[in-house]
>>> print(open('final19.txt').read())   # compact mmCIF, C-alpha atoms (C1' of nucleotides)
# COMPACT_ATOMS: atom_id res chain seq x y z
CA MET A 1 21.96 -4.69 114.76
CA PRO A 2 20.40 -7.66 113.06
CA MET A 3 20.93 -7.75 109.35
CA VAL A 4 17.36 -8.69 108.62
CA LEU A 5 16.02 -6.34 106.01
CA ASP A 6 12.43 -6.19 104.92
CA LYS A 7 13.47 -6.75 101.34
CA ASP A 8 15.21 -10.02 102.19
CA VAL A 9 12.28 -11.13 104.25
CA ARG A 10 9.78 -10.48 101.49
CA GLU A 11 12.01 -12.28 99.05
CA LYS A 12 12.26 -15.30 101.30
CA PHE A 13 8.53 -15.43 101.82
CA ARG A 14 7.95 -15.17 98.10
CA ARG A 15 10.34 -17.98 97.31
CA SER A 16 9.00 -20.26 100.00
CA GLY A 17 5.36 -19.89 99.09
CA PHE A 18 4.37 -18.81 102.58
CA THR A 19 2.49 -15.57 102.86
CA LEU A 20 3.77 -12.61 104.84
CA THR A 21 0.84 -11.87 107.07
CA SER A 22 0.45 -9.10 109.59
CA GLN A 23 0.92 -11.57 112.46
CA ARG A 24 4.17 -12.86 111.06
CA ARG A 25 5.36 -9.33 110.51
CA ALA A 26 4.43 -8.52 114.09
CA VAL A 27 6.45 -11.47 115.36
CA LEU A 28 9.38 -10.28 113.32
CA ASP A 29 9.04 -6.77 114.70
CA ALA A 30 8.89 -8.11 118.22
CA LEU A 31 12.17 -9.90 117.64
CA ARG A 32 13.66 -6.77 116.16
CA GLY A 33 12.67 -4.79 119.21
CA ASN A 34 14.02 -7.33 121.63
CA LYS A 35 17.76 -7.49 121.50
CA GLY A 36 17.94 -10.48 123.83
CA HIS A 37 16.77 -13.99 123.18
CA PRO A 38 13.08 -14.01 123.89
CA SER A 39 11.08 -17.16 124.34
CA ALA A 40 7.90 -17.76 122.37
CA GLU A 41 5.99 -16.50 125.38
CA ASP A 42 8.01 -13.28 125.45
CA VAL A 43 7.33 -12.72 121.79
CA TYR A 44 3.66 -13.42 122.39
CA LEU A 45 3.46 -10.81 125.13
CA SER A 46 5.26 -8.32 122.96
CA VAL A 47 3.06 -8.91 119.94
CA LYS A 48 -0.02 -8.68 122.11
CA LYS A 49 0.67 -5.04 122.85
CA SER A 50 -0.02 -3.99 119.29
CA ASN A 51 -2.51 -6.72 118.50
CA PRO A 52 -4.25 -8.11 121.60
CA ARG A 53 -6.07 -10.75 119.60
CA VAL A 54 -3.11 -12.90 118.57
CA ALA A 55 -3.00 -16.38 120.02
CA LEU A 56 0.09 -18.01 121.45
CA GLY A 57 -0.27 -20.82 118.95
CA THR A 58 -0.05 -18.34 116.12
CA VAL A 59 3.21 -17.05 117.51
CA TYR A 60 4.60 -20.57 117.62
CA GLN A 61 3.48 -21.21 114.10
CA ALA A 62 4.87 -17.90 112.89
CA LEU A 63 8.20 -18.56 114.56
CA SER A 64 8.39 -21.96 112.97
CA VAL A 65 7.64 -20.56 109.54
CA LEU A 66 10.17 -17.78 110.04
CA GLU A 67 12.76 -20.30 111.07
CA GLU A 68 11.97 -22.54 108.13
CA ILE A 69 12.51 -19.76 105.63
CA GLY A 70 15.72 -18.79 107.36
CA VAL A 71 14.84 -15.53 109.03
CA VAL A 72 14.98 -16.53 112.67
CA HIS A 73 17.04 -18.96 114.65
CA SER A 74 16.15 -20.96 117.72
CA LYS A 75 18.18 -22.45 120.52
CA ARG A 76 17.18 -24.82 123.27
CA TRP A 77 18.88 -24.94 126.60
CA ALA A 78 18.02 -27.38 129.33
CA ASP A 79 15.29 -26.27 131.74
CA SER A 80 14.19 -23.44 129.54
CA PRO A 81 11.77 -22.91 126.70
CA ALA A 82 13.27 -22.44 123.26
CA ARG A 83 14.66 -19.01 122.59
CA TYR A 84 14.62 -17.13 119.32
CA ASP A 85 16.66 -14.46 117.68
CA LEU A 86 17.19 -12.75 114.38
CA ASN A 87 20.94 -12.70 114.19
CA LEU A 88 21.75 -15.20 111.53
CA GLU A 89 25.48 -14.64 111.68
CA PRO A 90 26.76 -17.74 113.42
CA HIS A 91 27.34 -16.59 116.95
CA LEU A 92 27.56 -17.99 120.40
CA ASP A 93 25.17 -17.50 123.27
CA ILE A 94 25.64 -18.57 126.84
CA ARG A 95 22.86 -19.03 129.35
CA CYS A 96 23.22 -18.77 133.11
CA ARG A 97 21.86 -21.93 134.66
CA SER A 98 21.07 -20.02 137.80
CA CYS A 99 19.29 -16.84 136.72
CA GLY A 100 18.55 -17.75 133.11
CA ALA A 101 20.14 -14.67 131.55
CA VAL A 102 21.42 -15.11 128.03
CA SER A 103 24.36 -13.20 126.66
CA GLU A 104 26.68 -13.42 123.76
CA VAL A 105 30.24 -14.73 123.79
CA PRO A 106 32.34 -12.59 121.46
CA ASN A 107 35.43 -13.45 119.47
CA VAL A 108 34.82 -17.14 119.09
CA GLY A 109 35.61 -18.41 115.64
CA LEU A 110 32.62 -20.28 114.34
CA VAL A 111 33.11 -19.32 110.74
CA ASP A 112 34.98 -22.39 109.62
CA LEU A 113 32.99 -24.71 111.77
CA GLU A 114 29.92 -24.96 109.61
CA SER A 115 31.83 -25.60 106.42
CA ASP A 116 33.93 -28.10 108.32
CA ILE A 117 30.75 -29.88 109.27
CA ARG A 118 29.37 -29.94 105.77
CA GLN A 119 32.56 -31.43 104.47
CA ASN A 120 32.48 -34.29 106.93
CA THR A 121 28.95 -35.55 106.71
CA LEU A 122 26.68 -36.94 104.05
CA TYR A 123 23.73 -35.22 105.65
CA GLU A 124 22.29 -32.10 104.15
CA VAL A 125 22.85 -29.74 107.06
CA THR A 126 19.87 -27.53 107.80
CA ARG A 127 20.62 -26.07 111.18
CA THR A 128 23.45 -25.77 113.64
CA ALA A 129 23.35 -24.32 117.12
CA LEU A 130 26.05 -24.20 119.71
CA VAL A 131 24.55 -24.25 123.15
CA VAL A 132 26.61 -23.19 126.12
CA GLU A 133 25.65 -23.09 129.76
CA GLY A 134 27.37 -21.64 132.77
CA ILE A 135 27.12 -19.46 135.82
CA CYS A 136 27.17 -15.74 135.24
CA PRO A 137 29.44 -13.50 137.31
CA ALA A 138 26.57 -12.07 139.35
CA CYS A 139 25.22 -15.49 140.34
CA ARG A 140 28.70 -16.74 141.10
CA ARG A 141 29.18 -13.98 143.64
CA GLU A 142 25.96 -14.88 145.36
CA ALA A 143 26.81 -18.54 145.74
CA MET B 1 34.49 -47.07 123.09
CA PRO B 2 33.52 -44.77 125.88
CA MET B 3 36.32 -43.96 128.26
CA VAL B 4 34.10 -44.22 131.29
CA LEU B 5 35.77 -46.50 133.76
CA ASP B 6 34.18 -47.73 136.93
CA LYS B 7 37.04 -46.36 138.93
CA ASP B 8 36.52 -42.83 137.64
CA VAL B 9 32.82 -43.12 138.22
CA ARG B 10 33.21 -44.20 141.81
CA GLU B 11 35.67 -41.42 142.40
CA LYS B 12 33.29 -38.85 141.00
CA PHE B 13 30.45 -40.11 143.10
CA ARG B 14 32.59 -40.04 146.18
CA ARG B 15 33.72 -36.49 145.58
CA SER B 16 30.25 -35.23 144.79
CA GLY B 17 28.59 -36.73 147.84
CA PHE B 18 25.98 -38.55 145.76
CA THR B 19 25.66 -42.24 146.38
CA LEU B 20 26.28 -44.79 143.67
CA THR B 21 23.09 -46.82 143.87
CA SER B 22 22.14 -49.86 141.88
CA GLN B 23 19.69 -47.83 139.84
CA ARG B 24 22.32 -45.31 138.88
CA ARG B 25 24.70 -48.07 137.99
CA ALA B 26 22.00 -49.68 135.87
CA VAL B 27 21.45 -46.42 134.00
CA LEU B 28 25.17 -46.22 133.38
CA ASP B 29 25.25 -49.78 132.13
CA ALA B 30 22.33 -49.11 129.83
CA LEU B 31 24.26 -46.22 128.31
CA ARG B 32 27.33 -48.39 127.98
CA GLY B 33 25.33 -51.01 126.13
CA ASN B 34 23.75 -48.52 123.79
CA LYS B 35 26.25 -47.03 121.41
CA GLY B 36 23.78 -44.56 120.00
CA HIS B 37 22.21 -41.62 121.73
CA PRO B 38 19.29 -42.99 123.67
CA SER B 39 16.56 -40.84 125.11
CA ALA B 40 15.56 -41.12 128.75
CA GLU B 41 12.73 -43.37 127.64
CA ASP B 42 15.15 -45.65 125.79
CA VAL B 43 17.33 -45.90 128.87
CA TYR B 44 14.26 -46.61 130.95
CA LEU B 45 13.22 -49.49 128.73
CA SER B 46 16.71 -50.87 128.78
CA VAL B 47 17.07 -50.66 132.55
CA LYS B 48 13.66 -52.22 132.98
CA LYS B 49 14.87 -55.46 131.46
CA SER B 50 17.13 -56.19 134.40
CA ASN B 51 15.05 -54.41 137.01
CA PRO B 52 11.38 -54.17 136.10
CA ARG B 53 10.58 -52.05 139.11
CA VAL B 54 12.51 -48.91 138.20
CA ALA B 55 10.46 -45.82 137.57
CA LEU B 56 10.93 -43.45 134.68
CA GLY B 57 11.37 -40.60 137.12
CA THR B 58 14.26 -42.41 138.69
CA VAL B 59 15.95 -42.69 135.33
CA TYR B 60 15.56 -38.97 134.81
CA GLN B 61 16.96 -38.27 138.22
CA ALA B 62 19.85 -40.66 137.72
CA LEU B 63 20.69 -39.13 134.37
CA SER B 64 20.67 -35.68 135.88
CA VAL B 65 22.96 -36.77 138.71
CA LEU B 66 25.27 -38.51 136.27
CA GLU B 67 25.40 -35.43 134.14
CA GLU B 68 26.07 -33.22 137.13
CA ILE B 69 29.07 -35.23 138.21
CA GLY B 70 30.39 -35.27 134.68
CA VAL B 71 29.81 -38.83 133.57
CA VAL B 72 27.13 -38.38 130.95
CA HIS B 73 26.30 -35.69 128.47
CA SER B 74 22.97 -34.58 127.09
CA LYS B 75 21.90 -32.89 123.90
CA ARG B 76 18.57 -31.45 122.88
CA TRP B 77 17.44 -31.21 119.35
CA ALA B 78 14.17 -29.64 118.27
CA ASP B 79 11.19 -32.01 118.15
CA SER B 80 12.95 -34.70 120.10
CA PRO B 81 13.43 -35.64 123.70
CA ALA B 82 16.87 -35.03 125.18
CA ARG B 83 19.44 -37.64 124.27
CA TYR B 84 22.25 -38.90 126.43
CA ASP B 85 25.62 -40.41 125.89
CA LEU B 86 28.77 -41.34 127.72
CA ASN B 87 31.35 -40.03 125.33
CA LEU B 88 32.72 -37.00 127.08
CA GLU B 89 35.25 -36.17 124.42
CA PRO B 90 33.81 -33.13 122.71
CA HIS B 91 32.29 -34.52 119.56
CA LEU B 92 29.63 -33.65 117.08
CA ASP B 93 26.33 -35.38 116.48
CA ILE B 94 23.87 -34.72 113.73
CA ARG B 95 20.23 -35.66 113.81
CA CYS B 96 18.05 -36.31 110.79
CA ARG B 97 15.00 -34.12 111.02
CA SER B 98 13.08 -36.61 108.98
CA CYS B 99 13.78 -40.04 110.49
CA GLY B 100 15.39 -38.93 113.76
CA ALA B 101 18.56 -40.97 113.38
CA VAL B 102 21.59 -39.60 115.18
CA SER B 103 25.11 -40.11 113.90
CA GLU B 104 28.47 -38.66 114.53
CA VAL B 105 30.29 -36.18 112.34
CA PRO B 106 33.99 -37.03 112.34
CA ASN B 107 37.02 -34.83 111.85
CA VAL B 108 35.54 -31.60 113.05
CA GLY B 109 37.90 -29.60 115.20
CA LEU B 110 36.15 -28.82 118.43
CA VAL B 111 39.20 -28.99 120.58
CA ASP B 112 40.06 -25.32 120.61
CA LEU B 113 36.51 -24.23 120.69
CA GLU B 114 35.86 -24.80 124.35
CA SER B 115 39.00 -23.06 125.52
CA ASP B 116 38.20 -20.27 123.11
CA ILE B 117 34.84 -19.93 124.80
CA ARG B 118 36.26 -19.87 128.28
CA GLN B 119 38.67 -17.14 127.33
CA ASN B 120 35.95 -14.90 126.01
CA THR B 121 33.33 -14.97 128.72
CA LEU B 122 33.12 -14.13 132.36
CA TYR B 123 30.74 -17.01 132.91
CA GLU B 124 31.93 -20.18 134.52
CA VAL B 125 31.19 -22.58 131.69
CA THR B 126 29.55 -25.79 132.82
CA ARG B 127 28.30 -27.34 129.62
CA THR B 128 28.63 -26.98 125.89
CA ALA B 129 26.76 -28.84 123.20
CA LEU B 130 26.87 -28.37 119.49
CA VAL B 131 23.58 -29.36 117.96
CA VAL B 132 23.34 -30.01 114.25
CA GLU B 133 20.31 -30.98 112.22
CA GLY B 134 19.96 -32.14 108.68
CA ILE B 135 18.54 -34.67 106.28
CA CYS B 136 20.29 -37.99 106.14
CA PRO B 137 21.19 -39.57 102.79
CA ALA B 138 18.46 -42.20 103.01
CA CYS B 139 15.70 -39.69 103.68
CA ARG B 140 17.01 -37.40 101.00
CA ARG B 141 16.62 -40.14 98.41
CA GLU B 142 13.03 -40.67 99.43
CA ALA B 143 12.09 -37.01 99.16
C1' DC C 1 22.81 -56.16 165.71
C1' DT C 2 19.57 -52.35 166.03
C1' DC C 3 18.08 -47.75 166.09
C1' DG C 4 17.64 -43.70 163.77
C1' DC C 5 19.07 -40.63 160.03
C1' DT C 6 19.28 -39.19 155.36
C1' DA C 7 19.33 -40.03 150.62
C1' DT C 8 16.97 -42.42 147.40
C1' DC C 9 13.16 -44.78 145.15
C1' DA C 10 8.52 -46.26 142.97
C1' DG C 11 4.44 -44.89 141.52
C1' DG C 12 1.63 -41.66 139.96
C1' DA C 13 -0.04 -37.02 139.57
C1' DA C 14 1.13 -32.43 137.95
C1' DT C 15 3.43 -29.04 135.09
C1' DG C 16 4.73 -26.55 131.18
C1' DA C 17 6.09 -26.09 126.49
C1' DT C 18 4.59 -27.20 122.20
C1' DT C 19 1.43 -29.11 118.67
C1' DA C 20 -3.02 -30.47 116.75
C1' DT C 21 -7.75 -29.51 115.86
C1' DT C 22 -11.56 -26.99 114.30
C1' DA C 23 -14.40 -23.50 112.84
C1' DG C 24 -14.13 -19.12 111.17
C1' DT C 25 -11.50 -15.33 108.60
C1' DT C 26 -8.47 -13.09 105.34
C1' DC C 27 -6.34 -12.51 101.04
C1' DG C 28 -5.15 -13.00 96.36
C1' DA C 29 -6.39 -14.51 91.97
C1' DT C 30 -10.02 -14.99 88.78
C1' DA D 1 -17.90 -9.95 93.87
C1' DT D 2 -16.65 -14.96 94.12
C1' DC D 3 -13.92 -18.88 95.09
C1' DG D 4 -10.42 -21.46 97.21
C1' DA D 5 -6.23 -21.82 99.64
C1' DA D 6 -3.74 -20.25 103.33
C1' DC D 7 -4.01 -18.46 107.68
C1' DT D 8 -5.74 -17.42 112.45
C1' DA D 9 -7.91 -17.71 117.27
C1' DA D 10 -9.20 -20.45 120.72
C1' DT D 11 -8.91 -24.38 122.95
C1' DA D 12 -7.98 -29.14 123.59
C1' DA D 13 -4.54 -32.54 123.49
C1' DT D 14 0.18 -34.35 123.76
C1' DC D 15 4.53 -35.36 125.32
C1' DA D 16 8.72 -34.86 127.92
C1' DT D 17 10.04 -33.82 132.23
C1' DT D 18 9.49 -32.64 137.09
C1' DC D 19 7.32 -32.93 141.48
C1' DC D 20 5.15 -35.20 145.37
C1' DT D 21 4.19 -38.84 148.75
C1' DG D 22 4.87 -42.57 151.38
C1' DA D 23 7.89 -46.54 151.45
C1' DT D 24 13.02 -48.41 151.40
C1' DA D 25 17.65 -48.86 151.71
C1' DG D 26 22.06 -48.07 153.25
C1' DC D 27 25.05 -46.29 156.80
C1' DG D 28 27.08 -44.64 161.22
C1' DA D 29 26.73 -44.64 166.18
C1' DG D 30 25.92 -47.00 169.94
>>> encode(input="final19.txt", output="structure tokens")
Amino acid sequence: MPMVLDKDVREKFRRSGFTLTSQRRAVLDALRGNKGHPSAEDVYLSVKKSNPRVALGTVYQALSVLEEIGVVHSKRWADSPARYDLNLEPHLDIRCRSCGAVSEVPNVGLVDLESDIRQNTLYEVTRTALVVEGICPACRREA
Amino acid sequence: MPMVLDKDVREKFRRSGFTLTSQRRAVLDALRGNKGHPSAEDVYLSVKKSNPRVALGTVYQALSVLEEIGVVHSKRWADSPARYDLNLEPHLDIRCRSCGAVSEVPNVGLVDLESDIRQNTLYEVTRTALVVEGICPACRREA
DNA sequence: CTCGCTATCAGGAATGATTATTAGTTCGAT
DNA sequence: ATCGAACTAATAATCATTCCTGATAGCGAG
């Protein structure tokens, strides 16, 4: 249940000066419909269903705009394209290095972490992402 | 002051079954000599000084072996090649999205985080990396 | 020491994700 | 309706990283 409401999105577009085009809305809808952590390619395929004329480059550009205005979030694991999601609550995802599945790790306190970071650096922090890798139970059994 | 002693390294190579070749040792030395967070290319250039015949691919392979046996650590920021370091204490690096500089954020409590993670997932955790981006003071002044 | 075995290496080509380019299109403001 | 800025589609280009091939090196058995 991502907390990304249309009203907030419109507001963020307005403030940023970017325009909320149909393609960008479609990318957003694709992310809404995909509870996992789709790659740009996944989003592209999803968007293509409703609008077969979109180009992959447009999806990349839309994702980058959406991330810049703070509506989507990206994470990069090794050996995998970047993955995107809408959930802007700080949360923790783990990726299986064998099968590539991504799932969420619950109950990990990240709340204080970001403010801790801001207090200990002179940088203006724009993005944080905690990347965790492992072997999922299913793949462990197979090994 | 990386805590990476030759003795530990040899032990880890022995246990893993990989062989400690001169190229791999050179990669390790390059990381020792570079206190920052060099990319594979940086390491390559550094290694080349003592052995001009090494190939970039070899550096990548050496880094991946060294990471697998737990001697080096990699992090991936957006818009930047992967960066490697020797410091295996969990620590926090921030990268300036404008000039690319990487520096460390001190005094952030990451100690409990990893055990917290392990307790809340069925995955066998093999790697964690906290990736933070921002604008460094120098670049902020210029903007 | 020498043969043969296996892991590794150098060099370069190939891959795959992402970005840049360019010409055309849409959209909002006038 | 007109104009200009922002956006898009399509494709080419880029860059990090991996893969492939034949050559080497190191090691154990004899």
>>> interface_residues(input="final19.txt", of="chain C", to="chain A", cutoff="12 Å", atoms="only C-alpha atoms (C1' of nucleotides)", output="NGL selection string")
:C and (16-21 or 26-28)
>>> residues_around(input="final19.txt", residues="segment 4-14 of chain D", least_positions_apart="4", cutoff="7 Å", atoms="all atoms listed in the file", output="list in words")
Val54, Ala55 and Thr58 of chain A
>>> residues_around(input="final19.txt", residues="segment 86-97 of chain A", least_positions_apart="5", cutoff="6 Å", atoms="all atoms listed in the file", output="PyMOL selection string")
chain A and resi 2+72+102-105+132-136
>>> write_last_selection(input="final19.txt", atoms="C-alpha atoms", output="mmCIF file, in the frame of the given file")
data_model
loop_
_atom_site.group_PDB
_atom_site.id
_atom_site.type_symbol
_atom_site.label_atom_id
_atom_site.label_comp_id
_atom_site.auth_asym_id
_atom_site.auth_seq_id
_atom_site.Cartn_x
_atom_site.Cartn_y
_atom_site.Cartn_z
ATOM 1 C CA PRO A 2 20.400 -7.660 113.060
ATOM 2 C CA VAL A 72 14.980 -16.530 112.670
ATOM 3 C CA VAL A 102 21.420 -15.110 128.030
ATOM 4 C CA SER A 103 24.360 -13.200 126.660
ATOM 5 C CA GLU A 104 26.680 -13.420 123.760
ATOM 6 C CA VAL A 105 30.240 -14.730 123.790
ATOM 7 C CA VAL A 132 26.610 -23.190 126.120
ATOM 8 C CA GLU A 133 25.650 -23.090 129.760
ATOM 9 C CA GLY A 134 27.370 -21.640 132.770
ATOM 10 C CA ILE A 135 27.120 -19.460 135.820
ATOM 11 C CA CYS A 136 27.170 -15.740 135.240
#
>>> residues_around(input="final19.txt", residues="segment 11-16 of chain A", least_positions_apart="3", cutoff="8 Å", atoms="all atoms listed in the file", output="PyMOL selection string")
chain A and resi 7-8+19-20+69-70
>>> interface_residues(input="final19.txt", of="chain B", to="chain A", cutoff="7 Å", atoms="all atoms listed in the file", output="ChimeraX atom specification")
/B:76,105-108,116-117,120-137
>>> interface_residues(input="final19.txt", of="chain D", to="chain B", cutoff="10 Å", atoms="all atoms listed in the file", output="number ranges by chain")
D: 15-19, 25-26
>>> atom_distance(input="final19.txt", atom1="atom CA of Lys48 of chain B", atom2="atom CA of Asn34 of chain B")
14.1 Å
>>> atom_distance(input="final19.txt", atom1="atom CA of Val27 of chain B", atom2="atom C1' of DG28 of chain D")
27.9 Å
>>> decode(input="final19.txt", residues="segment 27-99 of chain B", atoms="C-alpha atoms", output="CSV table (one decimal), in the first residue's frame")
chain,number,residue,atom,x,y,z
B,27,VAL,CA,45.2,-5.4,-6.4
B,28,LEU,CA,45.2,-5.7,-2.6
B,29,ASP,CA,48.2,-3.5,-2.4
B,30,ALA,CA,46.7,-1.0,-4.6
B,31,LEU,CA,43.7,-0.8,-2.3
B,32,ARG,CA,46.0,-0.6,0.7
B,33,GLY,CA,47.7,2.4,-0.9
B,34,ASN,CA,44.6,4.2,-1.8
B,35,LYS,CA,42.7,5.4,1.3
B,36,GLY,CA,39.7,6.5,-0.7
B,37,HIS,CA,37.2,4.4,-2.6
B,38,PRO,CA,38.8,3.6,-5.9
B,39,SER,CA,36.9,2.3,-8.8
B,40,ALA,CA,38.1,-0.8,-10.7
B,41,GLU,CA,39.6,1.5,-13.2
B,42,ASP,CA,41.5,3.3,-10.5
B,43,VAL,CA,42.8,0.1,-9.1
B,44,TYR,CA,43.8,-1.0,-12.6
B,45,LEU,CA,45.8,2.2,-13.2
B,46,SER,CA,47.5,1.8,-9.9
B,47,VAL,CA,48.4,-1.9,-10.4
B,48,LYS,CA,49.7,-1.1,-13.9
B,49,LYS,CA,52.4,1.0,-12.4
B,50,SER,CA,54.2,-2.0,-11.0
B,51,ASN,CA,53.0,-4.5,-13.6
B,52,PRO,CA,52.2,-2.9,-16.9
B,53,ARG,CA,50.9,-6.1,-18.3
B,54,VAL,CA,47.9,-6.6,-16.1
B,55,ALA,CA,44.5,-6.5,-17.9
B,56,LEU,CA,41.5,-4.7,-16.7
B,57,GLY,CA,39.5,-7.9,-16.7
B,58,THR,CA,42.0,-9.4,-14.4
B,59,VAL,CA,41.5,-6.6,-11.9
B,60,TYR,CA,37.7,-7.1,-12.1
B,61,GLN,CA,38.1,-10.8,-11.5
B,62,ALA,CA,40.6,-10.3,-8.6
B,63,LEU,CA,38.2,-7.8,-7.0
B,64,SER,CA,35.4,-10.2,-7.3
B,65,VAL,CA,37.4,-13.0,-5.7
B,66,LEU,CA,38.6,-10.7,-3.0
B,67,GLU,CA,35.1,-9.7,-2.2
B,68,GLU,CA,33.9,-13.3,-2.2
B,69,ILE,CA,36.4,-14.3,0.4
B,70,GLY,CA,35.6,-11.3,2.5
B,71,VAL,CA,38.6,-9.1,2.1
B,72,VAL,CA,37.2,-6.2,0.1
B,73,HIS,CA,33.9,-4.5,0.0
B,74,SER,CA,32.1,-2.9,-2.9
B,75,LYS,CA,29.5,-0.1,-3.1
B,76,ARG,CA,27.5,1.1,-6.1
B,77,TRP,CA,26.2,4.6,-6.3
B,78,ALA,CA,24.0,5.8,-9.2
B,79,ASP,CA,26.0,7.3,-12.1
B,80,SER,CA,29.3,5.9,-10.9
B,81,PRO,CA,31.2,2.7,-11.4
B,82,ALA,CA,31.4,0.4,-8.4
B,83,ARG,CA,33.9,1.5,-5.7
B,84,TYR,CA,36.0,-0.8,-3.6
B,85,ASP,CA,37.6,-0.6,-0.2
B,86,LEU,CA,39.3,-2.7,2.4
B,87,ASN,CA,37.6,-1.4,5.5
B,88,LEU,CA,35.4,-4.3,6.5
B,89,GLU,CA,34.1,-2.6,9.6
B,90,PRO,CA,30.6,-1.6,8.7
B,91,HIS,CA,30.9,2.1,8.0
B,92,LEU,CA,29.1,4.7,6.0
B,93,ASP,CA,30.2,6.5,2.9
B,94,ILE,CA,28.6,9.4,1.2
B,95,ARG,CA,29.1,10.4,-2.4
B,96,CYS,CA,28.7,13.9,-3.8
B,97,ARG,CA,26.4,13.7,-6.8
B,98,SER,CA,28.0,16.8,-8.2
B,99,CYS,CA,31.7,16.2,-8.0
